[in-house]
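> Contents of model.pdb (PDB, C-alpha atoms, pLDDT in the B column) are given next:
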ATOM      1  CA  MET D   1       0.000   0.000   0.000  1.00 78.00           C
ATOM      2  CA  ILE D   2       2.814   2.427   0.914  1.00 84.00           C
ATOM      3  CA  GLY D   3       4.587   1.549  -2.330  1.00 78.00           C
ATOM      4  CA  VAL D   4       1.543   2.532  -4.377  1.00 83.00           C
ATOM      5  CA  LEU D   5       1.237   5.818  -2.498  1.00 85.00           C
ATOM      6  CA  LEU D   6       4.920   6.582  -3.078  1.00 82.00           C
ATOM      7  CA  TRP D   7       4.553   5.768  -6.768  1.00 80.00           C
ATOM      8  CA  VAL D   8       1.588   8.103  -7.084  1.00 83.00           C
ATOM      9  CA  PHE D   9       3.356  10.809  -5.069  1.00 85.00           C
ATOM     10  CA  PHE D  10       6.507  10.766  -7.205  1.00 82.00           C
ATOM     11  CA  ALA D  11       4.538  10.600 -10.444  1.00 82.00           C
ATOM     12  CA  LEU D  12       2.411  13.590  -9.423  1.00 87.00           C
ATOM     13  CA  ALA D  13       5.521  15.502  -8.345  1.00 86.00           C
ATOM     14  CA  GLY D  14       7.066  14.866 -11.765  1.00 84.00           C
ATOM     15  CA  PHE D  15       3.942  16.055 -13.557  1.00 84.00           C
ATOM     16  CA  TYR D  16       3.759  19.119 -11.327  1.00 85.00           C
ATOM     17  CA  LEU D  17       7.356  20.084 -12.072  1.00 83.00           C
ATOM     18  CA  ALA D  18       6.742  19.539 -15.795  1.00 82.00           C
ATOM     19  CA  SER D  19       3.691  21.815 -15.683  1.00 82.00           C
ATOM     20  CA  ARG D  20       5.929  24.812 -14.897  1.00 84.00           C
ATOM     21  CA  TYR D  21       7.381  24.582 -18.395  1.00 86.00           C
ATOM     22  CA  HIS D  22       3.906  24.500 -19.927  1.00 87.00           C
ATOM     23  CA  LYS D  23       2.875  27.529 -17.866  1.00 89.00           C
ATOM     24  CA  SER D  24       5.908  29.467 -19.060  1.00 89.00           C
ATOM     25  CA  SER D  25       5.097  28.695 -22.714  1.00 91.00           C
ATOM     26  CA  LYS D  26       1.489  29.695 -22.195  1.00 93.00           C
ATOM     27  CA  GLU D  27       2.445  33.029 -20.587  1.00 92.00           C
ATOM     28  CA  LEU D  28       4.911  33.836 -23.349  1.00 93.00           C
ATOM     29  CA  SER D  29       2.370  32.953 -26.016  1.00 94.00           C
ATOM     30  CA  ALA D  30      -0.253  35.225 -24.453  1.00 95.00           C
ATOM     31  CA  THR D  31       2.300  38.017 -24.012  1.00 95.00           C
ATOM     32  CA  LEU D  32       3.295  37.725 -27.659  1.00 96.00           C
ATOM     33  CA  GLY D  33      -0.391  37.854 -28.602  1.00 95.00           C
ATOM     34  CA  CYS D  34      -0.785  41.068 -26.598  1.00 95.00           C
ATOM     35  CA  ILE D  35       2.215  42.616 -28.315  1.00 96.00           C
ATOM     36  CA  ARG D  36       0.670  41.796 -31.704  1.00 96.00           C
ATOM     37  CA  LEU D  37      -2.669  43.189 -30.534  1.00 95.00           C
ATOM     38  CA  PHE D  38      -0.993  46.399 -29.368  1.00 95.00           C
ATOM     39  CA  SER D  39       0.843  46.743 -32.686  1.00 95.00           C
ATOM     40  CA  SER D  40      -2.275  46.323 -34.784  1.00 95.00           C
ATOM     41  CA  GLY D  41      -4.255  48.722 -32.572  1.00 94.00           C
ATOM     42  CA  LEU D  42      -1.562  51.350 -32.953  1.00 93.00           C
ATOM     43  CA  ARG D  43      -1.036  50.755 -36.652  1.00 92.00           C
ATOM     44  CA  PHE D  44      -4.634  50.786 -37.816  1.00 92.00           C
ATOM     45  CA  GLU D  45      -6.448  52.902 -35.240  1.00 91.00           C
ATOM     46  CA  LYS D  46      -3.771  54.838 -33.373  1.00 90.00           C
ATOM     47  CA  ALA D  47      -5.569  53.625 -30.238  1.00 90.00           C
ATOM     48  CA  SER D  48      -4.643  54.965 -26.816  1.00 91.00           C
ATOM     49  CA  THR D  49      -2.574  52.943 -24.387  1.00 92.00           C
ATOM     50  CA  GLU D  50      -5.586  52.453 -22.117  1.00 93.00           C
ATOM     51  CA  THR D  51      -7.705  51.157 -24.997  1.00 93.00           C
ATOM     52  CA  LEU D  52      -4.948  48.750 -25.980  1.00 94.00           C
ATOM     53  CA  LEU D  53      -4.616  47.471 -22.428  1.00 93.00           C
ATOM     54  CA  TRP D  54      -8.348  46.821 -22.080  1.00 94.00           C
ATOM     55  CA  ARG D  55      -8.336  44.968 -25.411  1.00 95.00           C
ATOM     56  CA  GLY D  56      -5.491  42.869 -24.052  1.00 94.00           C
ATOM     57  CA  VAL D  57      -7.538  42.131 -20.944  1.00 94.00           C
ATOM     58  CA  LYS D  58     -10.512  41.102 -23.048  1.00 95.00           C
ATOM     59  CA  GLU D  59      -8.439  38.842 -25.294  1.00 94.00           C
ATOM     60  CA  TYR D  60      -5.777  37.465 -22.935  1.00 94.00           C
ATOM     61  CA  GLY D  61      -7.031  38.215 -19.422  1.00 89.00           C
ATOM     62  CA  PHE D  62      -7.556  34.542 -18.649  1.00 90.00           C
ATOM     63  CA  ASP D  63      -3.920  33.641 -19.347  1.00 90.00           C
ATOM     64  CA  LEU D  64      -2.548  36.919 -17.941  1.00 91.00           C
ATOM     65  CA  PRO D  65      -4.749  37.790 -14.946  1.00 90.00           C
ATOM     66  CA  PHE D  66      -2.465  40.629 -13.821  1.00 90.00           C
ATOM     67  CA  LEU D  67      -3.296  42.568 -16.973  1.00 92.00           C
ATOM     68  CA  GLU D  68      -6.658  43.714 -15.614  1.00 92.00           C
ATOM     69  CA  THR D  69      -4.935  45.248 -12.607  1.00 91.00           C
ATOM     70  CA  VAL D  70      -2.450  47.032 -14.877  1.00 91.00           C
ATOM     71  CA  ALA D  71      -5.301  48.381 -17.028  1.00 92.00           C
ATOM     72  CA  GLY D  72      -7.266  49.525 -13.991  1.00 91.00           C
ATOM     73  CA  GLU D  73      -4.407  51.398 -12.317  1.00 89.00           C
ATOM     74  CA  THR D  74      -3.417  54.980 -13.041  1.00 89.00           C
ATOM     75  CA  GLY D  75      -0.013  56.512 -13.589  1.00 89.00           C
ATOM     76  CA  PRO D  76       2.849  55.738 -15.926  1.00 91.00           C
ATOM     77  CA  LEU D  77       2.504  52.326 -17.545  1.00 91.00           C
ATOM     78  CA  SER D  78       6.016  51.209 -16.642  1.00 91.00           C
ATOM     79  CA  HIS D  79       5.312  51.870 -12.940  1.00 92.00           C
ATOM     80  CA  ARG D  80       1.979  50.051 -13.087  1.00 91.00           C
ATOM     81  CA  ILE D  81       3.563  47.018 -14.718  1.00 92.00           C
ATOM     82  CA  GLU D  82       6.475  46.952 -12.286  1.00 91.00           C
ATOM     83  CA  LYS D  83       4.121  47.255  -9.317  1.00 90.00           C
ATOM     84  CA  VAL D  84       1.929  44.394 -10.474  1.00 88.00           C
ATOM     85  CA  LEU D  85       4.778  42.133 -11.601  1.00 87.00           C
ATOM     86  CA  SER D  86       6.506  42.347  -8.225  1.00 86.00           C
ATOM     87  CA  GLY D  87       3.688  40.260  -6.731  1.00 79.00           C
ATOM     88  CA  GLN D  88       3.059  37.927  -9.670  1.00 78.00           C
ATOM     89  CA  PRO D  89       4.445  34.431 -10.217  1.00 84.00           C
ATOM     90  CA  LEU D  90       5.104  35.230 -13.882  1.00 86.00           C
ATOM     91  CA  SER D  91       7.964  33.549 -15.733  1.00 88.00           C
ATOM     92  CA  LYS D  92      11.174  35.546 -15.964  1.00 91.00           C
ATOM     93  CA  ASN D  93      11.003  35.889 -19.758  1.00 92.00           C
ATOM     94  CA  ALA D  94       7.359  36.978 -19.840  1.00 92.00           C
ATOM     95  CA  ALA D  95       7.996  39.523 -17.080  1.00 91.00           C
ATOM     96  CA  SER D  96      10.950  40.881 -19.035  1.00 93.00           C
ATOM     97  CA  LEU D  97       8.790  41.336 -22.137  1.00 95.00           C
ATOM     98  CA  TRP D  98       6.119  43.135 -20.102  1.00 94.00           C
ATOM     99  CA  ARG D  99       8.690  45.493 -18.642  1.00 93.00           C
ATOM    100  CA  GLU D 100       9.764  46.321 -22.202  1.00 94.00           C
ATOM    101  CA  VAL D 101       6.134  46.909 -23.205  1.00 95.00           C
ATOM    102  CA  GLY D 102       5.850  49.359 -20.306  1.00 93.00           C
ATOM    103  CA  GLY D 103       8.782  51.302 -21.688  1.00 92.00           C
ATOM    104  CA  ILE D 104       7.342  51.390 -25.210  1.00 93.00           C
ATOM    105  CA  LEU D 105       3.606  52.087 -25.102  1.00 91.00           C
ATOM    106  CA  GLY D 106       2.733  55.752 -24.889  1.00 88.00           C
ATOM    107  CA  GLN D 107       6.361  56.863 -24.635  1.00 88.00           C
ATOM    108  CA  SER D 108       6.927  58.199 -28.161  1.00 89.00           C
ATOM    109  CA  ASP D 109       5.286  58.718 -31.519  1.00 92.00           C
ATOM    110  CA  VAL D 110       3.314  55.884 -33.121  1.00 92.00           C
ATOM    111  CA  THR D 111       5.985  55.031 -35.698  1.00 93.00           C
ATOM    112  CA  THR D 112       8.662  54.604 -33.030  1.00 94.00           C
ATOM    113  CA  GLN D 113       6.326  52.551 -30.847  1.00 94.00           C
ATOM    114  CA  LEU D 114       5.512  50.285 -33.782  1.00 94.00           C
ATOM    115  CA  SER D 115       9.158  49.709 -34.683  1.00 95.00           C
ATOM    116  CA  ARG D 116      10.065  48.963 -31.054  1.00 95.00           C
ATOM    117  CA  LEU D 117       7.086  46.613 -30.688  1.00 95.00           C
ATOM    118  CA  ALA D 118       8.157  44.799 -33.874  1.00 95.00           C
ATOM    119  CA  LEU D 119      11.634  44.247 -32.419  1.00 96.00           C
ATOM    120  CA  LEU D 120      10.100  43.101 -29.145  1.00 95.00           C
ATOM    121  CA  GLU D 121       7.856  40.693 -31.041  1.00 95.00           C
ATOM    122  CA  GLN D 122      10.913  39.139 -32.695  1.00 96.00           C
ATOM    123  CA  THR D 123      12.566  38.732 -29.305  1.00 95.00           C
ATOM    124  CA  GLY D 124       9.361  37.210 -27.950  1.00 94.00           C
ATOM    125  CA  LYS D 125       9.174  34.717 -30.813  1.00 95.00           C
ATOM    126  CA  GLY D 126      12.660  33.482 -29.994  1.00 94.00           C
ATOM    127  CA  LEU D 127      11.839  33.198 -26.309  1.00 93.00           C
ATOM    128  CA  LEU D 128       8.618  31.345 -27.081  1.00 93.00           C
ATOM    129  CA  GLN D 129      10.389  28.878 -29.353  1.00 94.00           C
ATOM    130  CA  GLU D 130      12.969  28.230 -26.632  1.00 93.00           C
ATOM    131  CA  ALA D 131      10.236  27.811 -24.009  1.00 91.00           C
ATOM    132  CA  LYS D 132       8.368  25.302 -26.193  1.00 92.00           C
ATOM    133  CA  GLU D 133      11.550  23.295 -26.694  1.00 92.00           C
ATOM    134  CA  ASN D 134      12.132  23.320 -22.923  1.00 87.00           C
ATOM    135  CA  GLU D 135       8.542  22.272 -22.354  1.00 86.00           C
ATOM    136  CA  LYS D 136       9.007  19.381 -24.723  1.00 88.00           C
ATOM    137  CA  THR D 137      12.356  18.135 -23.401  1.00 90.00           C
ATOM    138  CA  GLN D 138      12.413  19.143 -19.741  1.00 86.00           C
ATOM    139  CA  GLY D 139       8.722  18.450 -19.242  1.00 84.00           C
ATOM    140  CA  LYS D 140       9.103  14.956 -20.623  1.00 86.00           C
ATOM    141  CA  LEU D 141      12.178  14.420 -18.447  1.00 87.00           C
ATOM    142  CA  PHE D 142      10.388  15.404 -15.231  1.00 85.00           C
ATOM    143  CA  ARG D 143       7.298  13.339 -16.035  1.00 85.00           C
ATOM    144  CA  ARG D 144       9.363  10.239 -16.800  1.00 87.00           C
ATOM    145  CA  ALA D 145      11.629  10.752 -13.798  1.00 87.00           C
ATOM    146  CA  GLY D 146       8.618  11.031 -11.516  1.00 84.00           C
ATOM    147  CA  VAL D 147       7.072   7.831 -12.809  1.00 86.00           C
ATOM    148  CA  LEU D 148      10.380   5.959 -12.685  1.00 87.00           C
ATOM    149  CA  LEU D 149      11.217   7.143  -9.155  1.00 85.00           C
ATOM    150  CA  GLY D 150       7.734   6.139  -8.102  1.00 82.00           C
ATOM    151  CA  ALA D 151       8.189   2.710  -9.629  1.00 85.00           C
ATOM    152  CA  LEU D 152      11.547   2.352  -7.885  1.00 84.00           C
ATOM    153  CA  ALA D 153       9.993   3.355  -4.565  1.00 82.00           C
ATOM    154  CA  PHE D 154       7.208   0.840  -5.163  1.00 80.00           C
ATOM    155  CA  ILE D 155       9.700  -1.956  -5.886  1.00 84.00           C
ATOM    156  CA  LEU D 156      11.826  -1.101  -2.844  1.00 81.00           C
ATOM    157  CA  THR D 157       8.852  -1.067  -0.472  1.00 82.00           C
ATOM    158  CA  VAL D 158       7.272  -4.283  -1.722  1.00 75.00           C
TER     159      VAL D 158
END
Here is a file; write its structure as structure tokens.

Amino acid sequence: MIGVLLWVFFALAGFYLASRYHKSSKELSATLGCIRLFSSGLRFEKASTETLLWRGVKEYGFDLPFLETVAGETGPLSHRIEKVLSGQPLSKNAASLWREVGGILGQSDVTTQLSRLALLEQTGKGLLQEAKENEKTQGKLFRRAGVLLGALAFILTV
């Protein structure tokens, strides 16, 4: 009985550790989607920063729950983002992209914002590709290690 419990425990621990890589990919994907949304809103409508943020909330608020707080706050965007990110368990790469967004939106003319967002999007694509590769390799490693350690614990306790 103890062996079965240990097997289940180690397997669940492995799956939990692997889920961190999936979460990171999901956050980066949603962040990249917001950057694209911001770019198109600026390009085609010259929308305000607040309008862009609320569109981001509507589209990606489920994957990025902190975004609603950022949109609802007042003050400079970079300060709002920094304030919210300090208390969020967001992946390091996604947080870095959001800090960059805070330094871009509403800080210069539309053309400059668009060119800086395009560069940020390219950076984000690279980070997302890396995160997906990590999810694939490291996630699989942790899942398998958890199951194998559980099986070993089962064998040793039986």
> Using atom CA of D:Ser96 and atom CA of D:Ser25 as the two end points, give the distance in Å to one decimal.
14.0 Å
> For atom CA of D:Leu17 and atom CA of D:Pro65, quote the distance in Å rounded to one decimal.
21.6 Å
> So the first atom is atom CA of D:Phe38 and the second is atom CA of D:Gln107; what is the distance between them in Å, to one decimal place?
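We find that atom CA of D:Phe38 and atom CA of D:Gln107 lie 13.6 Å from each other.
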> Find the residues around D:Ala145 up to 10 Å (only C-alpha atoms counted), leave out those fewer than 4 positions away in its own chain, and share them as a list in words.
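That gives Phe10, Ala11, Ala13, Gly14, Phe15, Gly139, Lys140, Leu141, Leu149, Gly150 and Ala151 of chain D.
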> Would you please work out which residue, of D:Val158, D:Val101, D:Ile2, D:Leu64, is nearest to D:Glu82 when using only C-alpha atoms?
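Of all the options, D:Val101 lies closest to D:Glu82.
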> Excluding D:Ile35 and its own-chain neighbours fewer than 3 positions away, which residues fall within 8 Å of it when counting only C-alpha atoms? Please give them as number ranges by chain.
D: 31-32, 38-39, 101, 117, 120-121
> Kindly list the centre and edge lengths in Å, rounded to one decimal, for the axis-aligned box that covers all listed atoms of stretch 1-9 of chain D plus 3 Å on each of its six sides, as lines of an AutoDock Vina configuration file.

center_x = 2.5
center_y = 5.4
center_z = -3.1
size_x = 10.9
size_y = 16.8
size_z = 14.0
> Check the smallest atom-to-atom distance from each of D:Phe9, D:Ala71, D:Arg36, D:Tyr60 to D:Gln122 using all atoms listed in the file, then report the winner.
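So, comparing all the options, the nearest one is D:Arg36.
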> Skip D:Gly106 itself and residues of its chain fewer than 5 positions away, then list as a list in words all residues within 12 Å of it, counting all atoms listed in the file.
Phe38, Leu42, Lys46, Ala47, Ser48, Thr49, Glu50, Thr51, Leu52, Leu53, Gly75, Pro76, Leu77, Ser78, Val101, Thr111, Thr112, Gln113, Leu114, Arg116 and Leu117 of chain D
> Under the rule that all atoms listed in the file are counted, which of D:Leu156, D:Gly146, D:Asp63, D:Gln138 is the nearest residue to D:Ser29?
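Once distances to D:Ser29 are computed over all atoms listed in the file, the minimum belongs to D:Asp63.
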> Which residue is closest to D:Val70? Choose from D:Lys58, D:Lys136, D:Lys83, D:Arg99 and count all atoms listed in the file.
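Nearest to D:Val70: D:Lys83.
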